[in-house]
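S.K.: Here you go, entry-v9.txt (compact mmCIF, C-alpha atoms and all ligand atoms):
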# COMPACT_ATOMS: atom_id res chain seq x y z
CA MET T 290 -19.83 20.90 31.34
CA ASP T 291 -21.39 19.79 34.62
CA ALA T 292 -24.91 18.35 34.63
CA ILE T 293 -27.18 20.20 37.06
CA SER T 294 -30.80 19.75 37.95
CA TYR T 295 -33.32 22.49 38.64
CA GLU T 296 -36.31 22.44 40.95
CA ARG T 297 -38.86 25.16 41.62
CA ALA T 298 -39.75 24.92 45.31
CA PRO T 299 -43.48 25.40 46.01
CA ASP T 300 -42.96 26.33 49.67
CA ALA T 301 -40.28 26.82 52.30
CA ALA T 302 -40.52 23.27 53.68
CA ALA T 303 -39.96 21.74 50.24
CA ALA T 304 -37.08 24.14 49.55
CA ILE T 305 -35.37 23.20 52.81
CA ARG T 306 -35.83 19.49 52.14
CA SER T 307 -34.33 19.80 48.66
CA ALA T 308 -31.47 22.06 49.68
CA SER T 309 -30.48 19.68 52.46
CA GLN T 310 -29.34 17.17 49.84
CA PRO T 311 -25.61 17.11 49.01
CA GLY T 312 -24.66 19.54 46.25
CA ALA T 313 -28.00 21.41 46.31
CA VAL T 314 -28.15 25.20 46.69
CA PHE T 315 -30.89 27.82 46.79
CA ILE T 316 -31.09 30.26 43.93
CA GLY T 317 -32.72 33.68 44.37
CA GLY T 318 -32.15 36.35 41.74
CA GLY T 319 -29.11 34.41 40.51
CA THR T 320 -27.03 37.57 40.06
CA ASN T 321 -24.14 36.22 42.09
CA LEU T 322 -24.60 32.47 41.96
CA LEU T 323 -24.84 32.27 38.16
CA ASP T 324 -21.67 34.35 37.76
CA LEU T 325 -19.87 31.99 40.13
CA MET T 326 -21.16 28.97 38.22
CA LYS T 327 -20.12 30.43 34.87
CA GLY T 328 -16.61 30.96 36.23
CA GLY T 329 -16.41 27.45 37.68
CA VAL T 330 -16.13 28.82 41.23
CA ALA T 331 -19.44 27.29 42.33
CA ARG T 332 -20.34 23.82 41.04
CA PRO T 333 -23.74 22.92 42.49
CA LEU T 334 -25.45 19.70 41.45
CA LYS T 335 -28.92 21.07 41.98
CA LEU T 336 -30.50 24.53 41.96
CA VAL T 337 -33.48 24.98 44.25
CA ASP T 338 -35.37 28.01 42.96
CA ILE T 339 -37.00 29.77 45.90
CA THR T 340 -38.44 32.74 44.03
CA HIS T 341 -41.93 31.24 43.76
CA ILE T 342 -42.42 30.69 47.49
CA ASP T 343 -45.45 32.76 48.36
CA GLY T 344 -45.15 35.43 51.05
CA LEU T 345 -41.38 35.64 51.39
CA GLU T 346 -41.32 38.78 49.22
CA ARG T 347 -43.48 40.75 51.67
CA ILE T 348 -42.40 43.81 53.59
CA SER T 349 -44.63 44.26 56.62
CA PRO T 350 -44.72 45.99 60.02
CA LEU T 351 -43.88 44.08 63.18
CA PRO T 352 -45.98 44.42 66.35
CA ASP T 353 -43.10 46.15 68.21
CA GLY T 354 -42.94 48.93 65.60
CA GLY T 355 -40.13 47.31 63.62
CA LEU T 356 -40.22 46.06 60.04
CA ARG T 357 -39.97 42.58 58.51
CA ILE T 358 -38.38 42.44 55.07
CA GLY T 359 -39.00 39.09 53.39
CA ALA T 360 -35.90 37.35 52.06
CA LEU T 361 -37.35 37.36 48.54
CA ALA T 362 -38.01 41.10 48.46
CA ARG T 363 -36.03 42.45 45.54
CA ASN T 364 -33.31 44.94 46.46
CA SER T 365 -35.10 47.67 44.48
CA ASP T 366 -38.45 46.98 46.19
CA ALA T 367 -36.83 47.07 49.63
CA ALA T 368 -34.92 50.28 48.84
CA ASN T 369 -37.97 52.07 47.48
CA HIS T 370 -40.55 50.84 49.98
CA ALA T 371 -42.17 53.86 51.67
CA TRP T 372 -41.51 52.58 55.20
CA VAL T 373 -37.90 51.78 54.43
CA ARG T 374 -37.34 55.22 52.90
CA GLU T 375 -39.06 57.06 55.75
CA ARG T 376 -38.08 55.00 58.78
CA TYR T 377 -34.80 53.36 57.73
CA PRO T 378 -33.29 55.74 55.17
CA LEU T 379 -29.84 54.34 55.99
CA LEU T 380 -30.91 50.98 54.57
CA SER T 381 -32.48 52.55 51.51
CA GLN T 382 -29.31 54.53 50.79
CA ALA T 383 -27.11 51.46 51.19
CA LEU T 384 -29.25 49.36 48.86
CA LEU T 385 -29.31 52.09 46.23
CA ALA T 386 -25.53 52.43 46.45
CA GLY T 387 -25.14 48.81 45.32
CA ALA T 388 -24.85 47.38 41.81
CA SER T 389 -27.13 48.83 39.10
CA ALA T 390 -30.88 49.34 38.74
CA GLN T 391 -31.16 46.20 36.61
CA LEU T 392 -29.27 44.08 39.14
CA ARG T 393 -31.25 45.50 42.06
CA ASN T 394 -34.46 44.54 40.25
CA MET T 395 -33.30 40.90 40.20
CA ALA T 396 -31.30 40.60 43.44
CA THR T 397 -33.11 39.42 46.56
CA VAL T 398 -32.47 40.48 50.15
CA GLY T 399 -31.53 36.90 51.14
CA GLY T 400 -29.14 36.58 48.19
CA ASN T 401 -27.57 39.93 48.98
CA LEU T 402 -26.75 38.71 52.50
CA MET T 403 -25.14 35.59 51.04
CA GLN T 404 -23.21 37.15 48.13
CA ARG T 405 -19.59 36.11 48.08
CA THR T 406 -16.41 38.14 48.24
CA ARG T 407 -15.05 40.02 45.22
CA CYS T 408 -11.45 38.94 45.93
CA TYR T 409 -9.79 38.56 42.51
CA TYR T 410 -8.19 35.25 43.46
CA PHE T 411 -11.48 33.75 44.65
CA TYR T 412 -13.06 34.46 41.25
CA ASP T 413 -10.10 33.43 39.10
CA THR T 414 -9.83 29.64 39.04
CA ALA T 415 -6.52 29.97 37.17
CA PHE T 416 -5.06 30.72 40.60
CA PRO T 417 -4.87 27.45 42.54
CA GLN T 418 -4.32 29.29 45.83
CA CYS T 419 -7.54 30.37 47.52
CA ASN T 420 -8.53 28.98 50.90
CA LYS T 421 -12.07 30.24 50.42
CA ARG T 422 -12.58 28.43 47.11
CA ASN T 423 -10.22 25.53 47.71
CA PRO T 424 -9.62 25.01 51.47
CA GLY T 425 -6.03 24.31 52.39
CA SER T 426 -4.57 25.72 49.15
CA GLY T 427 -3.27 29.00 50.58
CA CYS T 428 -4.11 32.67 50.02
CA ALA T 429 -2.69 34.31 46.91
CA ALA T 430 -3.89 37.76 48.05
CA LEU T 431 -1.55 37.85 51.05
CA GLU T 432 1.45 38.56 48.81
CA GLY T 433 -0.47 39.46 45.67
CA ASN T 434 -2.75 42.29 44.53
CA ASN T 435 -4.47 43.24 47.75
CA ARG T 436 -5.64 46.79 47.19
CA ILE T 437 -9.30 45.90 47.83
CA HIS T 438 -8.66 43.58 50.75
CA ALA T 439 -9.24 43.61 54.51
CA ILE T 440 -7.42 45.70 57.07
CA LEU T 441 -9.36 44.41 60.08
CA GLY T 442 -10.13 40.95 61.44
CA ALA T 443 -8.31 39.04 58.68
CA SER T 444 -6.37 35.82 59.27
CA THR T 445 -3.30 34.21 57.75
CA GLN T 446 -5.77 32.05 55.78
CA CYS T 447 -7.80 34.81 54.10
CA ILE T 448 -7.87 38.59 53.73
CA ALA T 449 -11.03 38.86 51.61
CA THR T 450 -13.76 41.42 52.36
CA ASN T 451 -17.52 41.15 52.39
CA PRO T 452 -18.89 43.14 49.41
CA SER T 453 -22.49 43.78 50.51
CA ASP T 454 -23.54 47.41 51.00
CA MET T 455 -26.91 46.42 52.43
CA SER T 456 -25.24 44.36 55.15
CA VAL T 457 -23.28 47.34 56.44
CA ALA T 458 -26.50 49.25 57.07
CA LEU T 459 -28.14 46.18 58.62
CA ALA T 460 -25.17 45.81 60.98
CA ALA T 461 -25.57 49.40 62.16
CA LEU T 462 -29.32 48.95 62.57
CA ASP T 463 -28.92 45.77 64.67
CA ALA T 464 -31.13 43.74 62.35
CA VAL T 465 -31.99 40.11 63.02
CA VAL T 466 -31.80 37.42 60.32
CA ARG T 467 -34.63 34.90 60.57
CA VAL T 468 -33.97 31.46 59.12
CA ALA T 469 -35.80 28.16 58.80
CA GLY T 470 -34.01 24.86 58.44
CA PRO T 471 -34.18 21.11 58.91
CA ARG T 472 -34.13 21.65 62.70
CA GLY T 473 -36.73 24.41 62.80
CA GLU T 474 -36.57 28.18 62.91
CA ARG T 475 -34.09 30.50 64.57
CA ALA T 476 -33.23 34.18 64.76
CA ILE T 477 -29.61 35.25 64.27
CA PRO T 478 -28.48 38.68 65.55
CA PHE T 479 -26.84 40.44 62.61
CA SER T 480 -23.44 40.63 64.31
CA GLU T 481 -23.42 36.82 64.46
CA PHE T 482 -24.57 36.16 60.90
CA HIS T 483 -21.34 36.83 58.97
CA ARG T 484 -18.05 35.32 60.17
CA LEU T 485 -14.44 36.39 60.36
CA PRO T 486 -12.24 34.05 58.31
CA GLY T 487 -10.15 32.46 61.09
CA GLU T 488 -9.21 28.92 60.11
CA ARG T 489 -12.37 28.44 57.99
CA PRO T 490 -12.46 31.17 55.33
CA ASP T 491 -14.59 28.89 53.16
CA LEU T 492 -17.48 29.70 55.52
CA ASP T 493 -18.84 33.23 55.09
CA THR T 494 -21.76 32.93 57.51
CA THR T 495 -23.11 30.91 60.41
CA LEU T 496 -25.96 29.56 58.29
CA GLN T 497 -26.18 25.76 58.57
CA PRO T 498 -26.67 23.39 55.61
CA GLY T 499 -30.24 23.52 54.31
CA GLU T 500 -31.13 26.68 56.23
CA LEU T 501 -33.22 29.19 54.30
CA ILE T 502 -33.20 32.88 55.16
CA THR T 503 -36.85 33.84 55.47
CA SER T 504 -36.64 37.50 56.49
CA VAL T 505 -34.57 40.30 57.91
CA ASP T 506 -36.25 41.95 60.89
CA LEU T 507 -35.49 45.56 61.77
CA PRO T 508 -36.01 46.86 65.31
CA PRO T 509 -38.21 49.94 65.79
CA PRO T 510 -36.68 52.92 63.97
CA LEU T 511 -34.49 55.16 66.12
CA PHE T 512 -32.27 56.76 63.52
CA ALA T 513 -34.54 58.05 60.76
CA GLU T 514 -33.57 61.69 61.39
CA HIS T 515 -29.82 61.21 61.65
CA SER T 516 -28.22 58.61 59.44
CA LYS T 517 -25.92 58.39 56.45
CA TYR T 518 -24.51 55.65 54.23
CA LEU T 519 -21.28 56.82 52.67
CA LYS T 520 -19.62 54.65 50.05
CA VAL T 521 -16.14 55.41 48.75
CA ARG T 522 -15.26 53.60 45.53
CA ASP T 523 -13.18 53.89 42.39
CA ARG T 524 -16.14 54.89 40.19
CA ALA T 525 -19.20 56.90 41.19
CA SER T 526 -21.52 54.02 40.35
CA TYR T 527 -21.47 50.32 39.59
CA ALA T 528 -18.43 49.62 41.75
CA PHE T 529 -17.91 47.88 45.06
CA ALA T 530 -16.87 49.85 48.14
CA LEU T 531 -13.23 50.41 48.96
CA VAL T 532 -14.52 51.66 52.29
CA SER T 533 -18.07 52.40 53.32
CA VAL T 534 -19.61 53.73 56.51
CA ALA T 535 -23.11 53.35 57.88
CA ALA T 536 -23.57 56.01 60.55
CA ALA T 537 -26.73 56.25 62.64
CA LEU T 538 -27.17 58.70 65.48
CA GLN T 539 -29.72 59.74 68.03
CA MET T 540 -29.06 63.36 68.92
CA ASP T 541 -30.03 65.33 72.01
CA GLY T 542 -29.66 68.86 70.73
CA GLY T 543 -26.05 69.06 69.62
CA THR T 544 -24.96 66.05 71.69
CA VAL T 545 -24.79 62.42 70.57
CA LYS T 546 -27.18 60.30 72.61
CA THR T 547 -26.56 57.02 70.73
CA ALA T 548 -24.15 56.21 67.91
CA ARG T 549 -24.03 53.17 65.64
CA ILE T 550 -21.17 52.96 63.18
CA ALA T 551 -20.49 50.06 60.81
CA LEU T 552 -17.79 49.83 58.17
CA GLY T 553 -17.80 48.00 54.85
CA GLY T 554 -14.88 47.09 52.59
CA VAL T 555 -12.49 46.62 55.50
CA ALA T 556 -13.17 43.10 56.80
CA HIS T 557 -14.61 39.66 56.06
CA LYS T 558 -17.84 40.86 57.68
CA PRO T 559 -19.51 44.23 58.23
CA TRP T 560 -17.37 45.77 60.96
CA ARG T 561 -19.03 47.49 63.91
CA ALA T 562 -16.82 50.27 65.27
CA THR T 563 -17.95 49.82 68.87
CA GLU T 564 -15.14 51.82 70.48
CA THR T 565 -15.90 54.73 68.16
CA GLU T 566 -19.57 54.50 69.13
CA ARG T 567 -18.70 54.54 72.84
CA MET T 568 -16.40 57.53 72.50
CA LEU T 569 -18.98 59.57 70.60
CA THR T 570 -21.76 58.90 73.09
CA GLY T 571 -22.50 61.99 75.19
CA GLN T 572 -20.19 64.19 73.09
CA PRO T 573 -20.89 67.15 70.81
CA LEU T 574 -20.00 66.51 67.16
CA SER T 575 -16.77 68.48 67.08
CA ARG T 576 -14.19 67.66 64.41
CA ALA T 577 -11.54 66.90 67.07
CA THR T 578 -13.75 64.42 68.92
CA LEU T 579 -14.76 62.79 65.67
CA GLN T 580 -11.17 62.38 64.53
CA SER T 581 -10.16 60.78 67.84
CA ALA T 582 -13.18 58.49 67.75
CA ALA T 583 -12.50 57.51 64.14
CA ALA T 584 -8.89 56.64 65.00
CA LEU T 585 -10.18 54.08 67.50
CA ALA T 586 -11.95 52.20 64.69
CA VAL T 587 -8.67 51.37 62.96
CA ARG T 588 -6.48 51.00 66.06
CA GLU T 589 -6.03 47.29 65.32
CA ALA T 590 -5.78 47.69 61.54
CA LYS T 591 -3.25 45.51 59.74
CA PRO T 592 -2.81 46.70 56.17
CA TYR T 593 -1.10 44.72 53.41
CA ARG T 594 1.21 45.88 50.62
CA GLU T 595 -1.36 47.75 48.52
CA ASN T 596 -4.16 48.68 50.90
CA GLY T 597 -2.51 50.89 53.53
CA PHE T 598 -4.55 53.81 52.17
CA LYS T 599 -7.68 52.24 53.65
CA VAL T 600 -6.54 53.05 57.20
CA GLU T 601 -6.64 56.79 56.50
CA LEU T 602 -9.63 56.50 54.18
CA ALA T 603 -11.73 54.69 56.81
CA GLN T 604 -11.08 57.41 59.38
CA ARG T 605 -11.92 60.22 56.98
CA ALA T 606 -15.04 58.39 55.81
CA ILE T 607 -16.22 57.94 59.41
CA VAL T 608 -15.74 61.63 60.16
CA ARG T 609 -17.62 62.66 57.03
CA ALA T 610 -20.46 60.17 57.45
CA VAL T 611 -21.03 61.05 61.11
CA GLU T 612 -20.94 64.77 60.39
CA GLN T 613 -23.48 64.32 57.61
CA ALA T 614 -25.67 62.08 59.77
CA GLY T 615 -25.55 64.65 62.55
CA GLY T 616 -26.33 67.51 60.19
CA VAL T 617 -23.10 69.41 60.86
CA ALA T 618 -21.66 69.04 57.35
C1 LIG T 701 -21.82 43.68 38.18
C2 LIG T 701 -22.27 43.58 39.60
C3 LIG T 701 -22.08 44.65 40.46
C4 LIG T 701 -22.50 44.56 41.79
N1 LIG T 701 -22.29 45.62 42.64
C5 LIG T 701 -22.67 45.52 43.94
C6 LIG T 701 -22.43 46.56 44.85
O1 LIG T 701 -21.89 47.61 44.52
N2 LIG T 701 -22.83 46.40 46.14
C7 LIG T 701 -23.44 45.25 46.56
O2 LIG T 701 -23.79 45.15 47.74
N3 LIG T 701 -23.66 44.23 45.72
C8 LIG T 701 -23.29 44.34 44.44
N4 LIG T 701 -23.50 43.29 43.59
C9 LIG T 701 -23.94 42.03 44.12
C10 LIG T 701 -25.44 41.87 44.16
O3 LIG T 701 -25.96 42.71 45.18
C11 LIG T 701 -25.70 40.42 44.49
O4 LIG T 701 -25.32 39.67 43.37
C12 LIG T 701 -27.14 40.13 44.85
O5 LIG T 701 -27.54 40.88 45.97
C13 LIG T 701 -27.34 38.65 45.12
O6 LIG T 701 -28.72 38.40 45.28
P1 LIG T 701 -29.42 37.25 44.42
O7 LIG T 701 -30.82 37.14 44.89
O8 LIG T 701 -29.23 37.46 42.97
O9 LIG T 701 -28.57 36.01 44.93
P2 LIG T 701 -28.25 34.64 44.17
O10 LIG T 701 -27.18 34.87 43.17
O11 LIG T 701 -29.49 33.97 43.74
O12 LIG T 701 -27.66 33.82 45.41
C14 LIG T 701 -26.47 34.21 46.06
C15 LIG T 701 -26.21 33.20 47.18
O13 LIG T 701 -27.21 33.33 48.17
C16 LIG T 701 -27.82 32.08 48.44
N5 LIG T 701 -29.21 32.41 48.77
C17 LIG T 701 -30.06 33.16 48.03
N6 LIG T 701 -31.20 33.36 48.69
C18 LIG T 701 -31.10 32.69 49.86
C19 LIG T 701 -31.95 32.52 50.99
N7 LIG T 701 -33.16 33.08 51.05
N8 LIG T 701 -31.50 31.77 52.03
C20 LIG T 701 -30.27 31.21 52.01
N9 LIG T 701 -29.41 31.35 50.97
C21 LIG T 701 -29.83 32.09 49.91
C22 LIG T 701 -27.62 31.28 47.17
O14 LIG T 701 -27.61 29.88 47.42
C23 LIG T 701 -26.26 31.77 46.72
O15 LIG T 701 -25.25 31.05 47.41
C24 LIG T 701 -23.12 43.37 42.25
C25 LIG T 701 -23.32 42.29 41.37
C26 LIG T 701 -22.90 42.39 40.06
C27 LIG T 701 -23.13 41.21 39.16
What is this structure when it is put down as structure tokens?
Ligand SMILES: Cc1cc2nc3c(=O)[nH]c(=O)nc-3n(C[C@H](O)[C@H](O)[C@H](O)COP(=O)(O)OP(=O)(O)OC[C@H]3O[C@@H](n4cnc5c(N)ncnc54)[C@H](O)[C@@H]3O)c2cc1C

M.R.:
Amino acid sequence: MDAISYERAPDAAAAIRSASQPGAVFIGGGTNLLDLMKGGVARPLKLVDITHIDGLERISPLPDGGLRIGALARNSDAANHAWVRERYPLLSQALLAGASAQLRNMATVGGNLMQRTRCYYFYDTAFPQCNKRNPGSGCAALEGNNRIHAILGASTQCIATNPSDMSVALAALDAVVRVAGPRGERAIPFSEFHRLPGERPDLDTTLQPGELITSVDLPPPLFAEHSKYLKVRDRASYAFALVSVAAALQMDGGTVKTARIALGGVAHKPWRATETERMLTGQPLSRATLQSAAALAVREAKPYRENGFKVELAQRAIVRAVEQAGGVA
């Protein structure tokens, strides 16, 4: 058994100072970190409990009409907040599609952003090969059981996917992640927060050591009337996405004025389908246009032995989600 120490941080500055020490990590709701520790995947020397930092749980309006969701807001509080439900229903739907009510009551928004992949080989320390867990050891999923793995943006080092439902909605909504760290504060556009695996699959995000997520900021709501989070999974609840789609539209009558489409379950990060968005802009929501636009999203797809079905599934899910967002299905 490893000896670990525990510290309850009184404020953000103290938390950042403590977490900047080697082997120290933040703990929010603990719903992912503790599982990883129990399995021997994560072996921190020190837990810095951030859940008593005052103010970081708040959800409050921004002067530009947007919304700030504190990093310590529980997933259930964020999902059920009146402003989130009314102005960002896409985010509410995505949060409620994740985990279970009990887990959502514990899980924090910051922890959700940082949750690690559900790749079987990452979790199972009996497999020596996992570049994410043990850099340089190889990737057992490449030739192994890869039904749940990536079809886009993977590398020869790692084909794991990001499991967060919330992050797919935040990608479509162009959220900004605000962080504070040893060198001060910064704002990270959502598209730059999670990484593709490349040569460093051990790094999931661009967060630097000691940096604390303080909030997620949403721009003013543009998509409240026309959005849909569609999650396709093996069970109707309590399962991670095989493929998910966050679709957000601004409509001008029957024509798409703006489209934002993000996919989950297909890549190491939430995947923005920018070519699909461009093709839909200015078009009526006809099935033929949607099918052509959806095909663009997987043009560069590279499936592995067991996950070829995701190429077709992603296209069908895009068509269905956009039709539902646009009110034509
Ligand atoms: C059985 C089960 C089913 C699940 N199903 C789903 C699902 O369908 N969809 C889904 O999206 N998720 C699912 N989850 C995952 C769940 O959403 C995450 O475990 C949860 O969101 C993590 O939040 P937390 O606060 O508990 O994080 P913790 O476990 O406390 O922390 C996770 C990581 O985030 C870091 N961290 C936490 N807060 C901060 C911060 N403010 N700044 C910087 N780093 C921070 C920690 O150091 C740690 O590395 C499931 C989990 C379980 C156990």

S.K.: If you take only C-alpha atoms and all ligand atoms and a cut-off of 8 Å, which residues of chain T touch ligand LIG 701 (chain T), and what are their nearest atom pairs and distances in Å to one decimal, in chain and number order, as CSV?

M.R.:
residue,atom,partner,partner_atom,distance
T:Val314,CA,T:LIG701,O14,4.8
T:Phe315,CA,T:LIG701,O14,3.9
T:Ile316,CA,T:LIG701,O11,4.0
T:Gly317,CA,T:LIG701,O11,3.3
T:Gly318,CA,T:LIG701,O8,3.4
T:Gly319,CA,T:LIG701,O11,3.3
T:Thr320,CA,T:LIG701,O8,3.6
T:Asn321,CA,T:LIG701,O10,3.5
T:Leu322,CA,T:LIG701,O10,3.7
T:Leu323,CA,T:LIG701,O10,6.1
T:Asp324,CA,T:LIG701,C27,7.2
T:Ile339,CA,T:LIG701,N7,7.2
T:Ala360,CA,T:LIG701,N7,5.2
T:Leu361,CA,T:LIG701,N7,6.5
T:Arg363,CA,T:LIG701,O7,7.5
T:Asn364,CA,T:LIG701,O5,7.1
T:Ala383,CA,T:LIG701,O2,7.9
T:Leu384,CA,T:LIG701,O2,7.0
T:Ala386,CA,T:LIG701,O1,6.3
T:Gly387,CA,T:LIG701,N2,3.4
T:Ala388,CA,T:LIG701,N1,3.2
T:Ser389,CA,T:LIG701,C3,6.7
T:Leu392,CA,T:LIG701,C25,6.6
T:Arg393,CA,T:LIG701,O3,6.7
T:Met395,CA,T:LIG701,O8,6.0
T:Ala396,CA,T:LIG701,O7,3.8
T:Thr397,CA,T:LIG701,O7,3.6
T:Val398,CA,T:LIG701,O7,6.4
T:Gly399,CA,T:LIG701,N7,4.2
T:Gly400,CA,T:LIG701,O9,3.4
T:Asn401,CA,T:LIG701,O5,3.2
T:Leu402,CA,T:LIG701,O13,6.9
T:Met403,CA,T:LIG701,O13,4.2
T:Gln404,CA,T:LIG701,C14,4.9
T:Arg405,CA,T:LIG701,C15,7.3
T:Pro452,CA,T:LIG701,O2,5.6
T:Ser453,CA,T:LIG701,O2,3.4
T:Asp454,CA,T:LIG701,O2,4.0
T:Met455,CA,T:LIG701,O2,5.8
T:Ser456,CA,T:LIG701,O2,7.6
T:Val468,CA,T:LIG701,N8,7.5
T:Leu496,CA,T:LIG701,C20,7.8
T:Glu500,CA,T:LIG701,C20,6.3
T:Leu501,CA,T:LIG701,N8,3.8
T:Ile502,CA,T:LIG701,N8,3.7
T:Thr503,CA,T:LIG701,N7,5.8
T:Ser504,CA,T:LIG701,N7,7.8
T:Ser526,CA,T:LIG701,O1,7.7
T:Tyr527,CA,T:LIG701,O1,5.6
T:Ala528,CA,T:LIG701,O1,4.9
T:Phe529,CA,T:LIG701,O1,4.0
T:Ala530,CA,T:LIG701,O1,6.6

S.K.: Show me, as a list in words, the residues that have an atom within 6 Å of Gln539 (chain T) when counting all atoms listed in the file, minus same-chain residues fewer than 4 positions from it.

M.R.: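 Near neighbours after the sequence-gap exclusion: Phe512, Lys546 and Thr547 of chain T.
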
S.K.: Within 6 Å of Asp506 (chain T), counting all atoms listed in the file, which residues qualify if same-chain residues fewer than 4 places away don't, as a list in words?

M.R.: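 Neighbouring residues, sequence-local ones excluded: Leu356, Arg357, Ala464 and Val465 of chain T.
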
S.K.: Residues of the last selection are to be written out with C-alpha atoms, as a PDB file, keeping the file's coordinate frame.

M.R.:
ATOM      1  CA  LEU T 356     -40.220  46.060  60.040  1.00  0.00           C
ATOM      2  CA  ARG T 357     -39.970  42.580  58.510  1.00  0.00           C
ATOM      3  CA  ALA T 464     -31.130  43.740  62.350  1.00  0.00           C
ATOM      4  CA  VAL T 465     -31.990  40.110  63.020  1.00  0.00           C
TER       5      VAL T 465
END

S.K.: Which residue is closest to Ala313 (chain T)? Choose from T:Gly329, T:Leu345, T:Arg436, T:Ile293 and count all atoms listed in the file.

M.R.: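 Between T:Gly329, T:Leu345, T:Arg436, T:Ile293, the residue approaching Ala313 (chain T) most closely is T:Ile293.
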
S.K.: CA of Leu492 (chain T) to CA of Ser480 (chain T): how many Å, to one decimal?

M.R.: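 Interatomic distance, CA of Leu492 (chain T) to CA of Ser480 (chain T): 15.2 Å.
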
S.K.: Rounded to one decimal place, report the CA of Arg475 (chain T)-CA of Ser349 (chain T) distance in Å.

M.R.: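 Those two atoms sit 19.1 Å apart.
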
S.K.: So, counting all atoms listed in the file, which residue among T:Pro424, T:Gly499, T:Asp523, T:Arg472 is closest to Pro311 (chain T)?

M.R.: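 When distances to Pro311 (chain T) are compared using all atoms listed in the file, the smallest one comes from T:Gly499.
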
S.K.: Could you check how far CA of Gln382 (chain T) sits from CA of Pro350 (chain T), in Å to one decimal?

M.R.: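 Separation of CA of Gln382 (chain T) and CA of Pro350 (chain T): 19.9 Å.
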
S.K.: Can you work out which one of T:Thr340, T:Leu385, T:Thr544, T:Phe598 has the shortest atom-to-atom distance to Gln572 (chain T), counting only C-alpha atoms?

M.R.: T:Thr544

S.K.: I need the residue nearest Ala603 (chain T) from this list: T:Gln391, T:Gln580, T:Thr494, T:Thr563. Use all atoms listed in the file for the distance.

M.R.: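 Closest candidate: T:Gln580.
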
S.K.: Missing atoms in region 296-306 of chain T: can you complete it with N, CA, C and O atoms, as a short mmCIF file (atom, residue, chain, number, x, y, z; two decimals), keeping the file's coordinate frame?

M.R.:
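What landed in part_13.cif:
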data_model
loop_
_atom_site.label_atom_id
_atom_site.label_comp_id
_atom_site.auth_asym_id
_atom_site.auth_seq_id
_atom_site.Cartn_x
_atom_site.Cartn_y
_atom_site.Cartn_z
N GLU T 296 -35.01 22.72 40.35
CA GLU T 296 -36.31 22.44 40.95
C GLU T 296 -36.91 23.74 41.43
O GLU T 296 -36.23 24.55 42.04
N ARG T 297 -38.17 23.95 41.15
CA ARG T 297 -38.86 25.16 41.62
C ARG T 297 -39.61 24.79 42.89
O ARG T 297 -40.57 24.03 42.85
N ALA T 298 -39.16 25.32 44.03
CA ALA T 298 -39.75 24.92 45.31
C ALA T 298 -41.10 25.59 45.50
O ALA T 298 -41.21 26.81 45.35
N PRO T 299 -42.16 24.80 45.83
CA PRO T 299 -43.48 25.40 46.01
C PRO T 299 -43.62 26.12 47.36
O PRO T 299 -44.43 27.02 47.49
N ASP T 300 -42.87 25.69 48.35
CA ASP T 300 -42.96 26.33 49.67
C ASP T 300 -41.63 26.16 50.40
O ASP T 300 -40.73 25.46 49.93
N ALA T 301 -41.55 26.82 51.58
CA ALA T 301 -40.28 26.82 52.30
C ALA T 301 -39.88 25.41 52.74
O ALA T 301 -38.70 25.04 52.65
N ALA T 302 -40.85 24.62 53.19
CA ALA T 302 -40.52 23.27 53.68
C ALA T 302 -39.90 22.43 52.57
O ALA T 302 -38.89 21.74 52.77
N ALA T 303 -40.49 22.52 51.37
CA ALA T 303 -39.96 21.74 50.24
C ALA T 303 -38.57 22.24 49.86
O ALA T 303 -37.66 21.45 49.54
N ALA T 304 -38.39 23.57 49.90
CA ALA T 304 -37.08 24.14 49.55
C ALA T 304 -36.01 23.64 50.52
O ALA T 304 -34.91 23.26 50.10
N ILE T 305 -36.34 23.63 51.80
CA ILE T 305 -35.37 23.20 52.81
C ILE T 305 -35.04 21.72 52.63
O ILE T 305 -33.88 21.32 52.70
N ARG T 306 -36.06 20.92 52.37
CA ARG T 306 -35.83 19.49 52.14
C ARG T 306 -34.88 19.28 50.95
O ARG T 306 -33.90 18.55 51.04
#
